[in-house]
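Scroll down for the structure; my scribbles are underneath it.
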Amino acid sequence: MIVRSINAALCTILVVAGCAPSRRAPSAPGVTVATRTDPQVPGLRAADRVRILEAFRLADALGDSLWRGWSAVPFAVLLVTPTQEFLFRHPHPSPDFARVLDEPSLGGAVYTRPRVFSPTFLATFPAVNGVPTVVVGQAEQTGKTSTEWVLTLIHEHFHQLQMSAPGYWAGVNALGLTRGDTTGMWMLNYPFPYDSAEVQRRFQSAWGRLRAAVGEDGSSAAGGANGASAAAALRSSLDSLRAGLAPDDYRYLAFQLWQEGVARYAEYAIAERAAVSFAPSAEFLALPDHESFAVVATRLRRGILGDSTLALGKQRRVAFYPFGAAAALALDATGAGWRRKYFLAGYTLDPLVR
């Protein structure tokens, strides 16, 4: 079956492709996270249980407000610690997991097994029984504060929504970009012309137009003149890039904007919603590295729009993350309900601005 073969091929590549590049906030001097273990789950730190639970609470509370039907997608998480792995909210665990706890607040049964993956992982791929699973190390191992870590799980959960869409795996394969690569590494190693001076010029010009139209603070108003300006800037930016790229190269760029850029946007959009309409638990607020969602939302916005220059030759495909997220903000400004059409667009944002 195509799903089985593609899943096997993508396990390696999605370790990186599913990740959200992070900008680590400096930790406060002397701040450490308690190592006390949870009395109900042997080997699981209490702080990790609080973080996992907060990510689930956040997704349950706000996910559907951003994307209709998001809550129906399993938020399966495999937490990797130095010695063990803990599996949460997985519908069909593989036989190598032992059931250790039934906890409704954590989504039901919790499973564990000896560590298999690296404790620095931060990825989404079909890691357990073919189900798209967020495989993530502890916050400290991934270089994030507790609030950053929770929001990164939201980013990865959006990849689960993408991968669970009907026809996703076949559709990705049908893009025709593998060039004979059966390992799935083409998503990282596709020979995009990053070093072309002309492509760099077009990309930087497109980024400048898009960033100016959205507004550095990401606050371009929906509808009206501002919305029309943002839509026009996005349309002209994509048209310019398409005109300067071979069809396969543009298709690769468009796919990256659709997949990774919109996942970055979803992470930021949930952070903004959480800042005004989500009450963190007392346990989460008590974590010594806790930050407010408003503070992290500002940082995420700065990560998307704060850089006036996206150095394509240096950043390579990572430059597509903020560009795609800014494109999603431009679509928001149109007030056109683009999120309802996102999964009908064919792995590109182009039809949403036509």
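Letters A, B, ... go to the chains of the structure tokens in the order shown; residues in each chain start at 1; ligands are counted from 1 in the same order.
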Hey, what's within 7 Å of segment 93-104 of chain A if we count only C-alpha atoms and toss same-chain stuff fewer than 4 positions away? As a VMD selection string, please?
chain A and resid 41 108 to 113 128 to 129
Quick one: everything within 7 Å of Arg89 of chain A, counting only C-alpha atoms, minus sequence neighbours fewer than 4 positions away in the same chain. Send it as JSON, numbers by chain.
{"A": [74, 75, 76, 77, 107, 108]}
Written file, previous selection with N, CA and C atoms, as a PDB file, in the first residue's frame:
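selection.pdb was written with the following content:
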```pdb
ATOM      1  N   PRO A  74      -6.110  12.501  16.366  1.00  0.00           N
ATOM      2  CA  PRO A  74      -5.414  12.039  17.572  1.00  0.00           C
ATOM      3  C   PRO A  74      -4.164  12.867  17.852  1.00  0.00           C
ATOM      4  N   PHE A  75      -4.074  13.370  19.087  1.00  0.00           N
ATOM      5  CA  PHE A  75      -2.897  14.117  19.532  1.00  0.00           C
ATOM      6  C   PHE A  75      -1.971  13.110  20.224  1.00  0.00           C
ATOM      7  N   ALA A  76      -1.451  12.191  19.449  1.00  0.00           N
ATOM      8  CA  ALA A  76      -0.577  11.150  19.986  1.00  0.00           C
ATOM      9  C   ALA A  76       0.811  11.724  20.223  1.00  0.00           C
ATOM     10  N   VAL A  77       1.315  11.555  21.436  1.00  0.00           N
ATOM     11  CA  VAL A  77       2.616  12.108  21.815  1.00  0.00           C
ATOM     12  C   VAL A  77       3.479  11.018  22.420  1.00  0.00           C
ATOM     13  N   GLY A 107      -5.965  11.846  28.546  1.00  0.00           N
ATOM     14  CA  GLY A 107      -6.544  11.257  27.344  1.00  0.00           C
ATOM     15  C   GLY A 107      -6.722   9.765  27.404  1.00  0.00           C
ATOM     16  N   GLY A 108      -6.638   9.185  28.596  1.00  0.00           N
ATOM     17  CA  GLY A 108      -6.832   7.746  28.717  1.00  0.00           C
ATOM     18  C   GLY A 108      -5.564   7.036  29.146  1.00  0.00           C
TER      19      GLY A 108
END
```
Restricting the calculation to only C-alpha atoms: of A:Arg354, A:Lys144, A:Arg49, A:Arg242, which residue gets closest to Val199 of chain A?
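Result for the nearest residue to Val199 of chain A: A:Arg242.
Distance check against Ala263 of chain A using only C-alpha atoms: of A:Ser118, A:Thr182, A:Ser237, A:Thr124, the minimum falls on A:Thr124.
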Neighbouring residues of Ala139 of chain A were defined as those with any atom within 12 Å, considering only C-alpha atoms; residues of the same chain fewer than 4 positions away were excluded. Please report them as a PyMOL selection string.
chain A and resi 22+24+27+32-33+45+47-52+79-81+119-122+143-153+287+289-290
Could you please take those selected residues and save C-alpha atoms as a compact mmCIF listing (two decimals), in the first residue's frame?
```txt
# COMPACT_ATOMS: atom_id res chain seq x y z
CA SER A 22 13.23 27.27 17.60
CA ARG A 24 15.64 29.68 22.46
CA SER A 27 16.85 30.96 30.78
CA THR A 32 16.07 24.69 37.29
CA VAL A 33 13.04 22.48 36.80
CA ARG A 45 8.82 13.64 36.02
CA ALA A 47 7.03 18.67 35.47
CA ASP A 48 6.79 16.68 32.23
CA ARG A 49 3.33 15.46 33.15
CA VAL A 50 2.24 19.06 33.79
CA ARG A 51 3.62 20.19 30.41
CA ILE A 52 2.00 17.33 28.50
CA LEU A 79 7.77 11.73 25.23
CA VAL A 80 11.40 10.63 25.08
CA THR A 81 13.42 10.74 28.31
CA PRO A 119 15.99 12.50 23.79
CA THR A 120 16.56 15.61 21.66
CA PHE A 121 13.93 14.64 19.08
CA LEU A 122 11.24 17.11 18.07
CA GLY A 143 16.25 23.88 24.35
CA LYS A 144 12.85 25.36 25.20
CA THR A 145 11.07 26.89 28.13
CA SER A 146 7.90 25.15 29.27
CA THR A 147 5.62 27.56 27.39
CA GLU A 148 7.68 27.36 24.20
CA TRP A 149 7.65 23.57 24.46
CA VAL A 150 3.86 23.43 24.85
CA LEU A 151 3.37 25.66 21.81
CA THR A 152 5.85 23.62 19.78
CA LEU A 153 3.69 20.57 20.49
CA LEU A 287 6.92 25.77 36.83
CA ASP A 289 10.62 28.35 33.58
CA HIS A 290 7.01 29.29 32.84
```
Write out as a PyMOL selection string all residues of segment 11-259 of chain A that backbone DSSP assigns to alpha helix (DSSP H).
chain A and resi 11-17+46-66+146-164+168-173+186-189+197-214+224-243+247-256
With a distance cut-off of 10 Å and only C-alpha atoms, select the neighbouring residues of Gly69 of chain A, excluding the residue or stretch itself and same-chain residues fewer than 5 positions from it, and output the selection as JSON, numbers by chain.
{"A": [63, 64, 161]}
Those residues you just picked out, can you put them in a file as a PDB file, in the first residue's frame with C-alpha atoms?
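result-v9.pdb, freshly written:
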```
ATOM      1  CA  GLY A  63      -7.718  24.031  18.444  1.00  0.00           C
ATOM      2  CA  ASP A  64     -11.138  24.012  16.801  1.00  0.00           C
ATOM      3  CA  LEU A 161      -3.811  17.357  11.130  1.00  0.00           C
TER       4      LEU A 161
END
```
